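Data from run04.cif: mmCIF, C-alpha atoms
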```
data_protein
#
loop_
_atom_site.label_atom_id
_atom_site.label_comp_id
_atom_site.auth_asym_id
_atom_site.auth_seq_id
_atom_site.Cartn_x
_atom_site.Cartn_y
_atom_site.Cartn_z
CA MET M 22 9.23 2.56 19.12
CA SER M 23 10.18 2.68 15.44
CA SER M 24 10.16 6.23 14.13
CA TYR M 25 9.15 5.29 10.59
CA GLN M 26 5.83 6.73 9.46
CA ILE M 27 4.04 4.36 7.08
CA ARG M 28 1.14 5.30 4.84
CA PRO M 29 -2.16 4.37 6.59
CA THR M 30 -4.10 1.40 5.24
CA PRO M 31 -7.77 0.38 5.30
CA GLY M 32 -6.94 -3.10 6.64
CA ASP M 33 -5.40 -4.12 9.97
CA ILE M 34 -1.74 -4.47 9.09
CA ARG M 35 -0.28 -4.69 12.62
CA TRP M 36 0.04 -8.47 12.88
CA PHE M 37 1.42 -8.60 9.34
CA ARG M 38 4.24 -6.17 10.06
CA HIS M 39 5.18 -8.23 13.10
CA ASP M 40 5.12 -11.70 11.51
CA ARG M 41 7.18 -10.82 8.40
CA PHE M 42 7.33 -14.30 6.80
CA GLY M 43 4.70 -16.34 4.96
CA MET M 44 4.18 -19.26 2.58
CA PHE M 45 2.69 -18.88 -0.91
CA ILE M 46 1.16 -22.05 -2.37
CA HIS M 47 0.48 -22.43 -6.10
CA MET M 48 -1.52 -25.49 -7.12
CA GLY M 49 -4.00 -26.11 -9.92
CA LEU M 50 -4.51 -28.02 -13.15
CA TYR M 51 -1.13 -26.68 -14.32
CA SER M 52 0.48 -28.95 -11.72
CA LEU M 53 -0.17 -31.91 -14.06
CA PRO M 54 1.80 -30.75 -17.13
CA ALA M 55 4.39 -29.55 -14.59
CA ARG M 56 6.00 -27.00 -16.88
CA HIS M 57 4.92 -23.59 -15.50
CA GLU M 58 1.61 -22.23 -14.23
CA TRP M 59 1.25 -20.10 -17.39
CA ILE M 60 1.39 -23.16 -19.67
CA LYS M 61 -2.08 -22.48 -21.11
CA ASN M 62 -0.85 -19.05 -22.20
CA ARG M 63 2.62 -20.12 -23.29
CA GLU M 64 1.48 -23.11 -25.36
CA LYS M 65 -1.85 -21.54 -26.42
CA THR M 66 -3.51 -24.74 -25.28
CA PRO M 67 -7.01 -25.38 -26.66
CA GLU M 68 -9.77 -26.07 -24.13
CA ALA M 69 -10.25 -29.62 -25.38
CA LYS M 70 -6.63 -30.48 -24.62
CA TYR M 71 -6.58 -28.60 -21.31
CA ASP M 72 -9.69 -30.53 -20.25
CA LEU M 73 -7.52 -33.64 -20.06
CA TYR M 74 -5.96 -32.12 -16.95
CA LEU M 75 -9.44 -31.67 -15.50
CA LYS M 76 -10.21 -35.31 -16.25
CA TYR M 77 -7.06 -36.59 -14.56
CA PHE M 78 -6.68 -34.12 -11.68
CA ASN M 79 -6.35 -36.47 -8.73
CA PRO M 80 -4.03 -35.28 -5.93
CA ASP M 81 -4.35 -38.51 -3.95
CA LEU M 82 -1.43 -37.50 -1.71
CA TYR M 83 -2.81 -34.00 -1.05
CA ASP M 84 -1.64 -33.28 2.46
CA PRO M 85 -1.99 -29.66 3.58
CA GLN M 86 -1.37 -30.84 7.14
CA ASP M 87 2.17 -31.66 6.10
CA TRP M 88 2.54 -28.31 4.33
CA ALA M 89 1.33 -26.50 7.44
CA ARG M 90 3.72 -28.37 9.73
CA ARG M 91 6.62 -27.58 7.43
CA ALA M 92 5.59 -23.93 7.13
CA LYS M 93 5.41 -23.57 10.89
CA ALA M 94 8.76 -25.30 11.36
CA ALA M 95 10.29 -22.96 8.76
CA GLY M 96 9.18 -19.97 10.81
CA MET M 97 6.37 -18.92 8.48
CA LYS M 98 3.44 -17.29 10.26
CA TYR M 99 0.82 -17.14 7.52
CA ALA M 100 -0.01 -18.66 4.15
CA VAL M 101 -1.69 -17.66 0.89
CA PHE M 102 -3.25 -20.42 -1.25
CA THR M 103 -4.34 -20.24 -4.90
CA THR M 104 -8.11 -20.66 -4.84
CA LYS M 105 -8.24 -19.87 -8.58
CA HIS M 106 -5.35 -19.06 -10.92
CA HIS M 107 -5.48 -17.55 -14.41
CA GLU M 108 -6.57 -20.86 -15.91
CA GLY M 109 -9.93 -20.38 -14.15
CA PHE M 110 -9.96 -23.73 -12.33
CA CYS M 111 -11.35 -23.44 -8.80
CA MET M 112 -9.81 -25.34 -5.91
CA PHE M 113 -13.03 -24.88 -3.94
CA ASP M 114 -16.65 -26.01 -4.39
CA SER M 115 -18.08 -22.90 -6.03
CA GLN M 116 -21.74 -22.99 -6.98
CA TYR M 117 -21.07 -20.60 -9.88
CA THR M 118 -18.99 -22.92 -12.05
CA ASP M 119 -18.51 -26.58 -12.92
CA TYR M 120 -14.81 -25.94 -13.50
CA LYS M 121 -13.73 -26.97 -10.01
CA CYS M 122 -11.96 -29.63 -8.01
CA THR M 123 -15.16 -31.29 -6.81
CA ASN M 124 -15.87 -32.23 -10.44
CA THR M 125 -12.56 -34.08 -10.78
CA PRO M 126 -11.34 -37.38 -9.34
CA ALA M 127 -10.27 -35.33 -6.30
CA GLY M 128 -13.96 -35.03 -5.48
CA ARG M 129 -13.66 -32.67 -2.52
CA ASP M 130 -13.13 -29.05 -1.50
CA LEU M 131 -9.36 -28.61 -1.36
CA VAL M 132 -9.52 -25.04 -0.04
CA ARG M 133 -11.46 -26.33 2.97
CA GLU M 134 -8.71 -28.80 3.79
CA TYR M 135 -6.03 -26.13 3.40
CA VAL M 136 -7.85 -23.75 5.74
CA ASP M 137 -8.41 -26.39 8.40
CA ALA M 138 -4.81 -27.63 8.25
CA PHE M 139 -3.15 -24.24 8.55
CA ARG M 140 -5.50 -23.01 11.26
CA ALA M 141 -4.74 -26.16 13.25
CA GLN M 142 -1.07 -25.13 13.28
CA GLY M 143 -1.91 -21.62 14.47
CA LEU M 144 -1.06 -20.01 11.13
CA ARG M 145 -3.05 -17.18 9.56
CA VAL M 146 -4.94 -17.98 6.38
CA GLY M 147 -4.92 -16.09 3.08
CA PHE M 148 -6.57 -16.63 -0.30
CA TYR M 149 -5.07 -15.86 -3.70
CA TYR M 150 -7.74 -15.16 -6.31
CA SER M 151 -6.94 -14.40 -9.94
CA VAL M 152 -8.95 -11.61 -11.54
CA ILE M 153 -7.83 -13.13 -14.85
CA ASP M 154 -9.78 -16.16 -16.11
CA TRP M 155 -8.91 -17.82 -19.41
CA HIS M 156 -11.74 -20.34 -19.07
CA HIS M 157 -14.73 -18.12 -18.34
CA PRO M 158 -16.93 -17.66 -21.45
CA GLN M 159 -17.49 -13.94 -20.72
CA PHE M 160 -13.83 -13.07 -20.23
CA PRO M 161 -12.83 -11.03 -23.32
CA ILE M 162 -9.81 -12.27 -25.24
CA ASP M 163 -6.74 -10.02 -24.93
CA MET M 164 -3.00 -10.22 -25.56
CA LEU M 165 -2.49 -12.58 -22.59
CA HIS M 166 -5.31 -14.95 -23.48
CA PRO M 167 -4.43 -18.41 -24.89
CA ARG M 168 -6.76 -17.79 -27.87
CA ARG M 169 -5.13 -14.48 -28.80
CA ASP M 170 -3.58 -15.80 -32.04
CA ASP M 171 -6.55 -17.82 -33.28
CA PRO M 172 -7.63 -16.66 -36.74
CA ASP M 173 -11.15 -16.11 -35.40
CA ALA M 174 -10.11 -14.64 -32.04
CA PHE M 175 -12.11 -11.46 -32.64
CA GLN M 176 -15.26 -13.42 -33.47
CA GLN M 177 -14.74 -15.62 -30.41
CA SER M 178 -14.42 -12.58 -28.17
CA LYS M 179 -17.18 -10.52 -29.79
CA GLY M 180 -20.17 -10.23 -27.50
CA ARG M 181 -18.34 -11.25 -24.34
CA ASP M 182 -19.38 -9.02 -21.44
CA VAL M 183 -16.69 -8.37 -18.84
CA ARG M 184 -19.41 -6.98 -16.52
CA VAL M 185 -20.93 -10.45 -16.32
CA TYR M 186 -17.50 -11.78 -15.43
CA ALA M 187 -17.05 -9.05 -12.78
CA GLN M 188 -20.26 -10.20 -11.11
CA TYR M 189 -18.96 -13.79 -11.24
CA MET M 190 -15.88 -12.67 -9.34
CA ARG M 191 -17.97 -10.93 -6.68
CA ASP M 192 -20.08 -14.05 -6.29
CA GLN M 193 -17.02 -16.25 -5.83
CA VAL M 194 -15.29 -13.84 -3.45
CA THR M 195 -18.50 -13.86 -1.42
CA GLU M 196 -18.22 -17.64 -1.20
CA LEU M 197 -14.59 -17.51 -0.19
CA LEU M 198 -15.15 -14.89 2.48
CA THR M 199 -18.28 -16.43 4.02
CA HIS M 200 -17.75 -20.21 3.92
CA TYR M 201 -14.34 -20.59 5.58
CA GLY M 202 -14.36 -18.44 8.72
CA LYS M 203 -12.00 -15.55 9.30
CA ILE M 204 -9.69 -14.88 6.35
CA ASP M 205 -6.65 -12.73 7.02
CA ILE M 206 -5.42 -11.89 3.50
CA LEU M 207 -7.07 -11.57 0.08
CA TRP M 208 -4.41 -11.59 -2.63
CA PHE M 209 -5.75 -10.54 -6.05
CA ASP M 210 -3.66 -11.09 -9.19
CA PHE M 211 -3.34 -9.11 -11.51
CA SER M 212 -4.14 -5.98 -13.57
CA TYR M 213 -2.52 -4.80 -16.80
CA PRO M 214 -4.35 -1.71 -18.12
CA GLU M 215 -1.12 -0.21 -19.44
CA ARG M 216 -0.57 -3.02 -21.96
CA VAL M 217 -1.32 -1.83 -25.48
CA PRO M 218 -1.81 -4.36 -28.30
CA GLU M 219 -0.34 -4.03 -31.76
CA PRO M 220 -2.07 -1.80 -34.33
CA GLY M 221 -5.23 -3.34 -35.67
CA LYS M 222 -5.88 -5.28 -32.47
CA GLU M 223 -6.92 -2.44 -30.21
CA TRP M 224 -9.83 -4.59 -29.01
CA MET M 225 -7.25 -6.72 -27.18
CA LYS M 226 -6.40 -3.90 -24.76
CA GLY M 227 -5.26 -4.73 -21.25
CA LYS M 228 -7.59 -4.90 -18.28
CA GLY M 229 -7.75 -2.95 -15.04
CA LYS M 230 -10.02 -1.69 -12.30
CA GLU M 231 -12.84 -0.63 -14.65
CA ASP M 232 -13.01 -4.15 -16.11
CA TRP M 233 -12.86 -5.89 -12.74
CA GLU M 234 -15.17 -3.31 -11.14
CA SER M 235 -12.54 -3.37 -8.43
CA GLU M 236 -14.12 -0.76 -6.17
CA LYS M 237 -17.24 -2.91 -5.82
CA LEU M 238 -15.15 -6.05 -5.39
CA ILE M 239 -13.03 -4.59 -2.62
CA GLN M 240 -15.96 -2.92 -0.89
CA LEU M 241 -17.67 -6.31 -0.80
CA ALA M 242 -14.58 -8.02 0.62
CA ARG M 243 -14.21 -5.45 3.39
CA LYS M 244 -17.90 -5.69 4.26
CA LEU M 245 -17.63 -9.48 4.60
CA GLN M 246 -14.25 -9.52 6.36
CA PRO M 247 -13.57 -6.22 8.18
CA GLY M 248 -9.87 -5.69 8.79
CA ILE M 249 -8.77 -8.10 6.06
CA ILE M 250 -5.48 -7.30 4.30
CA ILE M 251 -5.80 -6.81 0.51
CA ASP M 252 -3.03 -6.27 -2.03
CA ASN M 253 -3.04 -3.64 -4.79
CA ARG M 254 -3.16 -5.94 -7.82
CA ALA M 255 -6.83 -5.28 -8.57
CA ASP M 256 -5.55 -1.88 -9.75
CA VAL M 257 -6.78 -0.08 -6.63
CA GLU M 258 -4.43 0.89 -3.84
CA GLN M 259 -5.14 -1.03 -0.65
CA ASP M 260 -2.82 -2.40 2.06
CA LEU M 261 0.09 -4.07 0.28
CA TRP M 262 2.54 -3.37 -2.50
CA THR M 263 3.84 -6.63 -3.91
CA PRO M 264 7.19 -6.62 -5.76
CA GLU M 265 7.56 -9.96 -7.52
CA GLN M 266 10.70 -11.95 -8.31
CA TYR M 267 13.18 -9.17 -7.60
CA GLN M 268 14.92 -7.89 -4.49
CA PRO M 269 14.19 -4.24 -3.66
CA ILE M 270 17.18 -2.23 -2.49
CA GLN M 271 15.21 0.33 -0.51
CA TRP M 272 11.94 0.57 1.39
CA LEU M 273 9.16 0.97 -1.17
CA ARG M 274 7.51 4.39 -1.33
CA HIS M 275 4.21 5.59 -2.69
CA PRO M 276 4.77 6.80 -6.27
CA ASN M 277 2.74 9.99 -5.75
CA THR M 278 3.29 11.02 -2.14
CA GLY M 279 6.69 9.50 -1.40
CA GLU M 280 5.35 7.94 1.81
CA LEU M 281 6.70 4.61 3.00
CA VAL M 282 4.25 1.79 2.23
CA ASN M 283 3.63 -1.71 3.54
CA TRP M 284 5.20 -4.16 1.13
CA GLU M 285 5.63 -7.87 0.66
CA ALA M 286 8.12 -9.44 -1.74
CA CYS M 287 6.71 -12.59 -3.34
CA GLN M 288 9.46 -14.98 -4.38
CA THR M 289 9.94 -18.57 -5.50
CA PHE M 290 12.39 -21.25 -4.47
CA SER M 291 12.95 -21.88 -8.17
CA GLY M 292 11.98 -19.98 -11.31
CA SER M 293 8.34 -21.07 -11.37
CA TRP M 294 5.30 -20.68 -9.12
CA GLY M 295 3.52 -23.91 -10.01
CA TYR M 296 5.25 -27.29 -9.82
CA TYR M 297 7.80 -27.47 -12.65
CA ARG M 298 9.45 -30.87 -12.86
CA ASP M 299 12.40 -29.86 -15.04
CA GLU M 300 13.06 -26.34 -13.72
CA MET M 301 16.54 -26.27 -12.20
CA THR M 302 17.28 -22.70 -11.12
CA TRP M 303 16.68 -23.41 -7.45
CA LYS M 304 18.11 -20.81 -5.08
CA SER M 305 21.06 -21.66 -2.86
CA PRO M 306 20.61 -21.93 0.92
CA GLU M 307 22.66 -18.76 1.44
CA MET M 308 20.49 -16.83 -1.01
CA LEU M 309 17.28 -17.98 0.69
CA ILE M 310 18.39 -16.65 4.08
CA ARG M 311 19.79 -13.45 2.62
CA MET M 312 16.54 -12.73 0.79
CA LEU M 313 14.59 -12.94 4.04
CA VAL M 314 17.08 -10.77 5.91
CA ASN M 315 17.34 -8.21 3.09
CA THR M 316 13.56 -7.91 2.97
CA VAL M 317 13.04 -7.32 6.69
CA ALA M 318 16.07 -4.98 6.75
CA LEU M 319 14.09 -2.75 4.37
CA GLY M 320 10.82 -2.89 6.32
CA GLY M 321 9.14 -5.59 4.19
CA ASN M 322 7.63 -9.07 4.41
CA LEU M 323 8.69 -12.15 2.46
CA LEU M 324 6.11 -14.49 0.91
CA MET M 325 8.03 -17.55 -0.28
CA ASN M 326 6.33 -19.93 -2.69
CA VAL M 327 6.00 -23.69 -2.91
CA GLY M 328 4.38 -25.54 -5.81
CA PRO M 329 2.97 -28.93 -4.75
CA THR M 330 3.14 -31.79 -7.23
CA ALA M 331 0.06 -33.01 -9.11
CA ARG M 332 -0.31 -35.71 -6.47
CA GLY M 333 -0.42 -33.06 -3.80
CA TYR M 334 2.84 -33.33 -1.89
CA LEU M 335 5.91 -31.10 -1.72
CA ASP M 336 8.84 -32.62 -3.57
CA LYS M 337 12.27 -33.08 -2.04
CA ARG M 338 13.65 -29.84 -3.47
CA ALA M 339 10.89 -27.80 -1.85
CA CYS M 340 11.23 -29.68 1.45
CA ASP M 341 14.99 -29.12 1.45
CA ALA M 342 14.50 -25.39 0.84
CA LEU M 343 11.98 -25.16 3.68
CA GLY M 344 14.50 -27.02 5.81
CA VAL M 345 17.03 -24.24 5.21
CA TYR M 346 14.65 -21.78 6.82
CA GLU M 347 13.79 -24.21 9.59
CA ASN M 348 17.43 -24.66 10.60
CA TRP M 349 18.12 -20.93 10.59
CA MET M 350 14.86 -19.56 11.99
CA LYS M 351 14.88 -22.01 14.91
CA TYR M 352 17.68 -19.97 16.47
CA ASN M 353 17.57 -16.60 14.69
CA SER M 354 13.88 -15.72 14.27
CA ARG M 355 14.13 -13.00 16.92
CA SER M 356 15.95 -10.88 14.34
CA ILE M 357 12.94 -11.24 11.99
CA TYR M 358 9.72 -11.20 14.02
CA GLY M 359 8.73 -7.77 15.24
CA CYS M 360 11.71 -6.24 13.46
CA THR M 361 12.10 -3.65 10.75
CA MET M 362 14.64 -1.32 9.17
CA ALA M 363 17.11 0.10 11.69
CA GLU M 364 16.57 3.68 12.82
CA PRO M 365 17.89 6.26 10.34
CA GLU M 366 20.73 7.39 12.60
CA LEU M 367 21.99 3.80 12.85
CA LEU M 368 21.89 2.92 9.15
CA PRO M 369 25.18 4.68 8.22
CA THR M 370 27.01 2.59 10.82
CA CYS M 371 26.22 -0.75 9.19
CA PRO M 372 29.51 -2.43 8.19
CA PRO M 373 30.17 -3.82 4.70
CA ASP M 374 28.74 -7.32 4.09
CA CYS M 375 26.28 -6.89 6.97
CA ARG M 376 22.57 -6.11 7.29
CA TYR M 377 20.78 -4.52 10.22
CA THR M 378 17.32 -5.23 11.54
CA GLN M 379 15.98 -3.58 14.67
CA SER M 380 13.17 -4.48 17.05
CA GLU M 381 10.12 -2.24 16.75
CA ASP M 382 10.65 -1.01 20.32
CA GLY M 383 14.16 0.09 19.36
CA LYS M 384 15.87 -1.80 22.16
CA ARG M 385 17.66 -4.48 20.13
CA LEU M 386 19.81 -4.15 17.02
CA TYR M 387 20.67 -7.23 14.97
CA ILE M 388 23.76 -7.52 12.79
CA HIS M 389 23.50 -10.23 10.11
CA LEU M 390 26.96 -11.29 8.93
CA PHE M 391 26.76 -12.06 5.21
CA ALA M 392 30.57 -12.39 5.23
CA TYR M 393 32.25 -13.50 8.42
CA PRO M 394 35.09 -11.14 9.44
CA PHE M 395 38.35 -12.19 11.04
CA ALA M 396 38.86 -11.39 14.72
CA HIS M 397 37.09 -8.02 14.89
CA LEU M 398 34.00 -6.36 13.54
CA GLN M 399 34.61 -2.62 13.60
CA ILE M 400 31.57 -0.34 13.57
CA GLN M 401 31.98 3.40 13.46
CA GLY M 402 29.29 5.30 15.34
CA LEU M 403 27.97 2.75 17.83
CA ALA M 404 30.31 3.53 20.72
CA GLY M 405 28.39 4.45 23.85
CA LYS M 406 25.13 3.00 22.56
CA VAL M 407 25.50 -0.72 23.39
CA GLU M 408 25.01 -2.30 26.79
CA TYR M 409 25.52 -5.99 25.91
CA ALA M 410 26.34 -8.12 22.85
CA GLN M 411 25.82 -11.79 22.08
CA PHE M 412 25.45 -14.27 19.25
CA LEU M 413 21.75 -14.82 18.74
CA HIS M 414 21.94 -18.51 17.83
CA ASP M 415 23.34 -19.61 21.20
CA GLY M 416 23.18 -16.56 23.47
CA SER M 417 26.93 -16.54 23.98
CA GLU M 418 28.50 -13.25 25.01
CA ILE M 419 30.62 -11.26 22.57
CA LEU M 420 33.14 -8.95 24.17
CA PHE M 421 33.61 -5.48 22.77
CA THR M 422 35.78 -2.42 23.15
CA GLU M 423 35.10 1.20 22.34
CA GLY M 424 37.36 3.86 20.89
CA LYS M 425 40.07 1.42 19.83
CA VAL M 426 40.87 -2.10 18.67
CA ASP M 427 42.22 -4.08 21.61
CA HIS M 428 45.12 -5.80 19.85
CA PHE M 429 48.87 -5.65 20.41
CA SER M 430 49.70 -4.73 16.82
CA VAL M 431 47.40 -1.75 16.61
CA GLY M 432 49.26 0.47 19.03
CA ALA M 433 47.72 3.39 20.84
CA SER M 434 45.58 4.73 18.03
CA GLN M 435 42.18 6.01 19.10
CA ALA M 436 39.02 6.45 17.04
CA SER M 437 36.14 8.41 18.48
CA GLY M 438 32.81 6.58 18.16
CA LEU M 439 34.43 3.27 17.19
CA PHE M 440 32.70 0.13 18.47
CA VAL M 441 34.64 -3.13 18.09
CA LEU M 442 33.22 -6.63 18.55
CA GLU M 443 35.76 -9.37 19.29
CA LEU M 444 34.75 -12.42 17.27
CA PRO M 445 35.92 -16.03 17.51
CA PRO M 446 38.14 -17.13 14.63
CA VAL M 447 35.76 -19.86 13.47
CA LYS M 448 32.40 -18.89 12.01
CA PRO M 449 29.46 -20.33 13.97
CA ASP M 450 27.73 -23.26 12.30
CA THR M 451 24.89 -21.23 10.80
CA LEU M 452 24.50 -19.88 7.27
CA VAL M 453 24.20 -16.27 8.37
CA PRO M 454 25.39 -15.61 11.94
CA VAL M 455 23.47 -12.92 13.80
CA ILE M 456 24.81 -10.66 16.55
CA GLU M 457 22.25 -9.27 18.96
CA LEU M 458 23.06 -5.89 20.49
CA PHE M 459 21.11 -4.63 23.48
CA LEU M 460 21.04 -0.87 23.21
CA LYS M 461 21.26 1.53 26.12
#
```

As structure tokens - that is how I would like this structure written.
Amino acid sequence: MSSYQIRPTPGDIRWFRHDRFGMFIHMGLYSLPARHEWIKNREKTPEAKYDLYLKYFNPDLYDPQDWARRAKAAGMKYAVFTTKHHEGFCMFDSQYTDYKCTNTPAGRDLVREYVDAFRAQGLRVGFYYSVIDWHHPQFPIDMLHPRRDDPDAFQQSKGRDVRVYAQYMRDQVTELLTHYGKIDILWFDFSYPERVPEPGKEWMKGKGKEDWESEKLIQLARKLQPGIIIDNRADVEQDLWTPEQYQPIQWLRHPNTGELVNWEACQTFSGSWGYYRDEMTWKSPEMLIRMLVNTVALGGNLLMNVGPTARGYLDKRACDALGVYENWMKYNSRSIYGCTMAEPELLPTCPPDCRYTQSEDGKRLYIHLFAYPFAHLQIQGLAGKVEYAQFLHDGSEILFTEGKVDHFSVGASQASGLFVLELPPVKPDTLVPVIELFLK
């Protein structure tokens, strides 16, 4: 078994650490302007203008069954769907607001359809819920609010009671955790108590756990769904640490104790979470696979995002990106599921341009070849530890020698501990070839 000791969590994290790979789904009113999910903030959009999106929200091609099939084919094991983003629009039929999908031309509960579709494919179901709400009348204006620069912003915000809003959140979380069966993940987003406004606008201070009444919120969630996994973005430590839009280079540790923590990198195929028609910084196929491998090689999970169009389907760019994972995971998923960072004594042996993952039981070591070497892959320190070697994608044997390179030009030189894999001259037809070593 893996020797890594991870900080205990209140939720049941076991399945999560095994499955490693999930789909994030960002959809809301912001899908209509199609120029970033923070458009209301970025363009300081007045409510009257933003209400046009409410009037015309009609995802007539909304097809979570297709999303679920593609997620499953891509090797994803769970999903997290935006039930409410910062704009405040609810994708479910909440009794506590009129600002919801059932009051649009869509006319139905879209969260319900998502849940049913993903469960039908055997995938675990998660809900994203924003603790920020730029539409709610009791949400105090701050430096992230679209009305922050209005001349009368202070007067607009005066008298707003964040405690009323905190109760609203508890009421909606109760709906989400009682109306849709077992929910596996609750993904709050996000807190910013450290943000300090400019002098003279101290009333615009950032918000955190005291504003959200996070302890009550989380206690409620755990009462309704025992064992549920909850992230730490309500400003209270829970099960998950969630680095966003960057690639960690080491296993994340608790900032106070130094303990290893459960973590999940949330990433996008492009530079936006919501559907962004003109955004062109889409990641290359090689980068997509490397991000997944790098994450698992450091003991983490990858939550990769799609942003459906305003009509409710995944555009070609998103489908192509999912197809990259499908083609690779079909043959190489064994190096991802149930795997983690290689044991500490093995880490120094990892060759340049390679990444290790290791099965939790310690019996299999996977070498991911980010750069394909010519003829031999030499690994110092593995001699005597490997019983059998093969390419993972096709199960074909890879011969190896120990103590020396078996080649006429090398001579009789010996190297204690050297393990040498004899590779074919042509790289296998897969973006990142994987070698599976069965350890003694």

Would you mind listing, for every residue of stretch 42-161 of chain M within 8 Å of stretch 315-338 of chain M, the two atoms forming the shortest contact and the distance between them in Å to one decimal, using all atoms listed in the file, sorted by chain and ascending residue number, as CSV?
```
residue,atom,partner,partner_atom,distance
M:Phe42,CA,M:Leu323,CA,5.0
M:Gly43,CA,M:Leu324,CA,4.7
M:Met44,CA,M:Met325,CA,5.1
M:Phe45,CA,M:Asn326,CA,4.2
M:Ile46,CA,M:Val327,CA,5.1
M:His47,CA,M:Gly328,CA,5.0
M:Met48,CA,M:Gly328,CA,6.0
M:Leu50,CA,M:Ala331,CA,7.9
M:Ser52,CA,M:Ala331,CA,4.8
M:Leu53,CA,M:Ala331,CA,5.1
M:Ala55,CA,M:Thr330,CA,7.8
M:Phe78,CA,M:Ala331,CA,7.3
M:Asn79,CA,M:Arg332,CA,6.5
M:Pro80,CA,M:Arg332,CA,3.8
M:Asp81,CA,M:Arg332,CA,5.5
M:Leu82,CA,M:Gly333,CA,5.0
M:Tyr83,CA,M:Gly333,CA,3.8
M:Asp84,CA,M:Tyr334,CA,6.2
M:Trp88,CA,M:Leu335,CA,7.5
```

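Comparing the minimum interatomic distances between M:Trp294 and each of M:Ser235, M:Gln379, M:Gln188, M:Gln266, counting all atoms listed in the file, we find that M:Gln266 sits nearest.
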
- Item | Spatial neighbours of stretch 142-159 of chain M, max dist 6 Å, only C-alpha atoms, sep filter under 4 positions, as an NGL selection string | :M and (98-109 or 181-183 or 186 or 204-210)

### Task
May I ask for the distance between atom CA of M:Ser380 and atom CA of M:Leu261, given in Å to one decimal place?
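One can read the atom CA of M:Ser380 to atom CA of M:Leu261 distance as 21.3 Å.
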
Q | Residue list as an NGL selection string for point (2.5, -5.1, -1.1), cut-off 8 Å, only C-alpha atoms | A | :M and (252-253 or 260-264 or 282-286)

As a check of understanding, name the residues that the PyMOL selection byres ((chain M and resi 86) around 8) selects in the supplied structure, as JSON, numbers by chain.
{"M": [84, 85, 87, 88, 89, 90, 135, 138, 139]}

Could you turn the residues from that selection into a file that holds C-alpha atoms, as a CSV table (one decimal), in the frame of the given file?
```
chain,number,residue,atom,x,y,z
M,84,ASP,CA,-1.6,-33.3,2.5
M,85,PRO,CA,-2.0,-29.7,3.6
M,87,ASP,CA,2.2,-31.7,6.1
M,88,TRP,CA,2.5,-28.3,4.3
M,89,ALA,CA,1.3,-26.5,7.4
M,90,ARG,CA,3.7,-28.4,9.7
M,135,TYR,CA,-6.0,-26.1,3.4
M,138,ALA,CA,-4.8,-27.6,8.2
M,139,PHE,CA,-3.2,-24.2,8.6
```

Suppose a student applies the PyMOL selection byres ((chain M and resi 216-220) around 12) to this structure; what residues should they get, written as a PyMOL selection string?
chain M and resi 162-165+169+212-215+221-229

File dump, residues just selected, C-alpha atoms, as a PDB file, in the coordinates of the input:
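result.pdb written:
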```pdb
ATOM      1  CA  ILE M 162      -9.810 -12.270 -25.240  1.00  0.00           C
ATOM      2  CA  ASP M 163      -6.740 -10.020 -24.930  1.00  0.00           C
ATOM      3  CA  MET M 164      -3.000 -10.220 -25.560  1.00  0.00           C
ATOM      4  CA  LEU M 165      -2.490 -12.580 -22.590  1.00  0.00           C
ATOM      5  CA  ARG M 169      -5.130 -14.480 -28.800  1.00  0.00           C
ATOM      6  CA  SER M 212      -4.140  -5.980 -13.570  1.00  0.00           C
ATOM      7  CA  TYR M 213      -2.520  -4.800 -16.800  1.00  0.00           C
ATOM      8  CA  PRO M 214      -4.350  -1.710 -18.120  1.00  0.00           C
ATOM      9  CA  GLU M 215      -1.120  -0.210 -19.440  1.00  0.00           C
ATOM     10  CA  GLY M 221      -5.230  -3.340 -35.670  1.00  0.00           C
ATOM     11  CA  LYS M 222      -5.880  -5.280 -32.470  1.00  0.00           C
ATOM     12  CA  GLU M 223      -6.920  -2.440 -30.210  1.00  0.00           C
ATOM     13  CA  TRP M 224      -9.830  -4.590 -29.010  1.00  0.00           C
ATOM     14  CA  MET M 225      -7.250  -6.720 -27.180  1.00  0.00           C
ATOM     15  CA  LYS M 226      -6.400  -3.900 -24.760  1.00  0.00           C
ATOM     16  CA  GLY M 227      -5.260  -4.730 -21.250  1.00  0.00           C
ATOM     17  CA  LYS M 228      -7.590  -4.900 -18.280  1.00  0.00           C
ATOM     18  CA  GLY M 229      -7.750  -2.950 -15.040  1.00  0.00           C
TER      19      GLY M 229
END
```

Expand the PyMOL selection byres ((chain M and resi 395) around 8) into the individual residues it matches in the shown file, reporting them as a ChimeraX atom specification. /M:393-394,396-398,444-446

- Item | Close residues, M:Gly424 itself excluded, 6 Å, all atoms listed in the file, min 6 positions apart in chain, as JSON, numbers by chain | {"M": [435, 436, 437, 438, 439]}

If you count only C-alpha atoms, which residues fall within 12 Å of M:Gln246, apart from same-chain ones fewer than 5 positions away, as a PyMOL selection string? chain M and resi 31-33+147+194-207+239-241+251

Taking every listed atom of stretch 313-330 of chain M and adding 4 Å to each side, what centre and edge lengths in Å (one decimal) does the axis-aligned box have, as JSON?
```
{"center_x": 10.2, "center_y": -17.3, "center_z": -0.2, "size_x": 22.4, "size_y": 37.0, "size_z": 22.0}
```

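Each of M:Met350, M:Tyr77, M:Gln259, M:Arg311 was checked against M:Arg243 using only C-alpha atoms; the smallest atom-to-atom distance is that of M:Gln259.
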
Counting only C-alpha atoms, which residue out of M:Leu75, M:Val407, M:Ala363, M:Leu368 sits closest to M:Thr123?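 Of M:Leu75, M:Val407, M:Ala363, M:Leu368, the one nearest M:Thr123, counting only C-alpha atoms, is M:Leu75.
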